[in-house]
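To start, the structure itself, in structure tokens.
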Amino acid sequence: MASNSEAGESSADYETMMSTSDVELLKRAWRNEKAAPEILQYEGALVQRAKEQIELVEETIDDYVENGIDPLVVSLYQMDLDRTQFLLRSYLRVRLLKIEKFMFHNLKSEEAERRLSEQEKVFATRCADDLAKHFEESVLLKLPENYQSVLKQSLISEVDDMVPQPHLDTFVVCRSKNFVSLNLYEEGESPETVEMERGDLYFIRYKIVKRAIESGQIDLI
């Protein structure tokens with residue numbers, strides 16, 4: 001069994017491997033992604049750091065088991081490792097669900113496409129191609145020529161009215177991290193602002209806080 005000093009050294013080593021700040025950032029990214037109606041910017045650097053830290057801790061746990069370190073210390077490492085793996089997998093899974101739901105929108109909107117990782121772009125393209133092929137073979141090719149579009153109800157439609165889009169008017173619960181002043185109305189309408197102090201909770205339309213979320217001033221709950 002490891003001594004108290006060994007356990008203390010182990011805990012200190014762990015703090016250098018599994019950054020608490022990165023875990024909190026990953027938790028924040030997961031919460032925001034889960035609550036936002038649209039796909040958010042992919043946190044590539046954070047995901048890469050989390051993967052590297054997970055691999056490092058997994059190796060450390062294996063070494064501790066082989067060297068007979070106190071099982072309690074090992075179990076604590078494993079618990080935090082499981083938590084980080086859960087957050088990472090959940091974050092990526094939520095994004096994949098949004099890509100599947102809004103695949104055509106994510107590919108035709110430059111803003112949405114910029115938020116995807118390269119792997120996500122490949123996934124979205126393959127999903128869109130497979131779905132379009134399925135629709136064409138099962139339904140569209142049997143319809144009159146003017147109604148064979150995957151994106152439009154008919155060829156005379158001026159917009160892609162068959163493409164599901166995120167509802168940015170959805171109400172969300174958010175918390176301000178700093179003082180923020182937000183415009184409640186669209187450009188051209190009568191200006192009216194709401195001022196959020198640090199720690200304030202608000203139930204508000206997503207599109208009003210969209211930019212503040214992207215800049216890190218506000219978190220979704």
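Residue numbers start at 1 in each chain; chains themselves are named A, B, ... in the order of the structure tokens; ligands are numbered from 1 in the order shown.
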*Using backbone DSSP assignments, extract all strand (DSSP E or B) residues from segment 96-193 of chain A; output them as a PyMOL selection string.*
chain A and resi 171-176+180-183+193
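Here the question is which of A:Leu168, A:Leu182, A:Ile69, A:Asn146 gets nearest to Ala212 of chain A using only C-alpha atoms, and that residue is A:Leu182.
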*May I ask which of the residues A:Glu197, A:Glu33, A:Glu52, A:Glu66 is the closest one to Lys210 of chain A, counting only C-alpha atoms?*
A:Glu33
*Just asking: which residues within segment 2-125 of chain A are alpha helix (DSSP H) according to DSSP, as an MDAnalysis selection string?*
chainID A and resid 4:17 20:35 44:66 71:101 103:108 110:114 118:125
*So which residues touch Gln148 of chain A within 12 Å, counting only C-alpha atoms, skipping near sequence neighbours fewer than 5 positions away, as JSON, numbers by chain?*
{"A": [132, 133, 135, 136, 137, 138, 139, 140, 141, 142, 143, 153, 154, 155, 156, 162]}
Got time to write the residues from that selection, N, CA and C atoms, as a PDB file, in the first residue's frame?
```
ATOM      1  N   ALA A 132     -29.734  11.934 -50.118  1.00  0.00           N
ATOM      2  CA  ALA A 132     -30.224  12.394 -51.420  1.00  0.00           C
ATOM      3  C   ALA A 132     -30.399  11.219 -52.377  1.00  0.00           C
ATOM      4  N   LYS A 133     -29.450  10.303 -52.380  1.00  0.00           N
ATOM      5  CA  LYS A 133     -29.541   9.127 -53.244  1.00  0.00           C
ATOM      6  C   LYS A 133     -30.735   8.258 -52.874  1.00  0.00           C
ATOM      7  N   PHE A 135     -33.546   9.253 -51.336  1.00  0.00           N
ATOM      8  CA  PHE A 135     -34.776   9.953 -51.735  1.00  0.00           C
ATOM      9  C   PHE A 135     -35.018   9.844 -53.237  1.00  0.00           C
ATOM     10  N   GLU A 136     -33.952   9.992 -54.012  1.00  0.00           N
ATOM     11  CA  GLU A 136     -34.098   9.936 -55.468  1.00  0.00           C
ATOM     12  C   GLU A 136     -34.559   8.551 -55.927  1.00  0.00           C
ATOM     13  N   GLU A 137     -33.941   7.530 -55.384  1.00  0.00           N
ATOM     14  CA  GLU A 137     -34.261   6.173 -55.817  1.00  0.00           C
ATOM     15  C   GLU A 137     -35.625   5.714 -55.329  1.00  0.00           C
ATOM     16  N   SER A 138     -36.023   6.157 -54.142  1.00  0.00           N
ATOM     17  CA  SER A 138     -37.271   5.667 -53.565  1.00  0.00           C
ATOM     18  C   SER A 138     -38.496   6.518 -53.915  1.00  0.00           C
ATOM     19  N   VAL A 139     -38.299   7.834 -54.127  1.00  0.00           N
ATOM     20  CA  VAL A 139     -39.454   8.714 -54.318  1.00  0.00           C
ATOM     21  C   VAL A 139     -39.284   9.693 -55.481  1.00  0.00           C
ATOM     22  N   LEU A 140     -38.237  10.506 -55.441  1.00  0.00           N
ATOM     23  CA  LEU A 140     -38.143  11.681 -56.307  1.00  0.00           C
ATOM     24  C   LEU A 140     -38.173  11.354 -57.798  1.00  0.00           C
ATOM     25  N   LEU A 141     -37.495  10.303 -58.227  1.00  0.00           N
ATOM     26  CA  LEU A 141     -37.451   9.971 -59.651  1.00  0.00           C
ATOM     27  C   LEU A 141     -38.803   9.496 -60.176  1.00  0.00           C
ATOM     28  N   LYS A 142     -39.714   9.199 -59.266  1.00  0.00           N
ATOM     29  CA  LYS A 142     -41.049   8.772 -59.673  1.00  0.00           C
ATOM     30  C   LYS A 142     -42.023   9.945 -59.767  1.00  0.00           C
ATOM     31  N   LEU A 143     -41.562  11.130 -59.370  1.00  0.00           N
ATOM     32  CA  LEU A 143     -42.400  12.318 -59.409  1.00  0.00           C
ATOM     33  C   LEU A 143     -42.166  13.092 -60.705  1.00  0.00           C
ATOM     34  N   GLN A 153     -39.380  22.305 -52.752  1.00  0.00           N
ATOM     35  CA  GLN A 153     -40.663  21.665 -53.023  1.00  0.00           C
ATOM     36  C   GLN A 153     -40.902  21.544 -54.522  1.00  0.00           C
ATOM     37  N   SER A 154     -40.474  22.546 -55.275  1.00  0.00           N
ATOM     38  CA  SER A 154     -40.549  22.500 -56.732  1.00  0.00           C
ATOM     39  C   SER A 154     -39.441  23.367 -57.294  1.00  0.00           C
ATOM     40  N   LEU A 155     -39.135  23.206 -58.562  1.00  0.00           N
ATOM     41  CA  LEU A 155     -38.045  23.946 -59.178  1.00  0.00           C
ATOM     42  C   LEU A 155     -38.322  25.442 -59.254  1.00  0.00           C
ATOM     43  N   ILE A 156     -39.575  25.835 -59.127  1.00  0.00           N
ATOM     44  CA  ILE A 156     -39.900  27.258 -59.192  1.00  0.00           C
ATOM     45  C   ILE A 156     -39.714  27.954 -57.837  1.00  0.00           C
ATOM     46  N   MET A 162     -37.167  22.986 -48.467  1.00  0.00           N
ATOM     47  CA  MET A 162     -37.262  21.634 -47.908  1.00  0.00           C
ATOM     48  C   MET A 162     -36.084  21.315 -46.985  1.00  0.00           C
TER      49      MET A 162
END
```
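For the pair atom CA of Val209 of chain A and atom CA of Ile221 of chain A, the separation is 12.7 Å.
With only C-alpha atoms as the atoms that count, the residue of A:Phe102, A:Trp30, A:Tyr202, A:Tyr147 with the shortest distance to Arg89 of chain A is A:Trp30.
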*Could you name the residues that touch segment 22-28 of chain A at 10 Å or less, counting only C-alpha atoms, but leaving out those on the same chain fewer than 4 positions away, as an MDAnalysis selection string?*
chainID A and resid 18 32:34 43 46:47 49:50 53 80 83:88 90:91 216 219:221
_Distance of atom CA of Ala29 of chain A from atom CA of Leu184 of chain A, expressed in Å to one decimal place_ = 24.7 Å
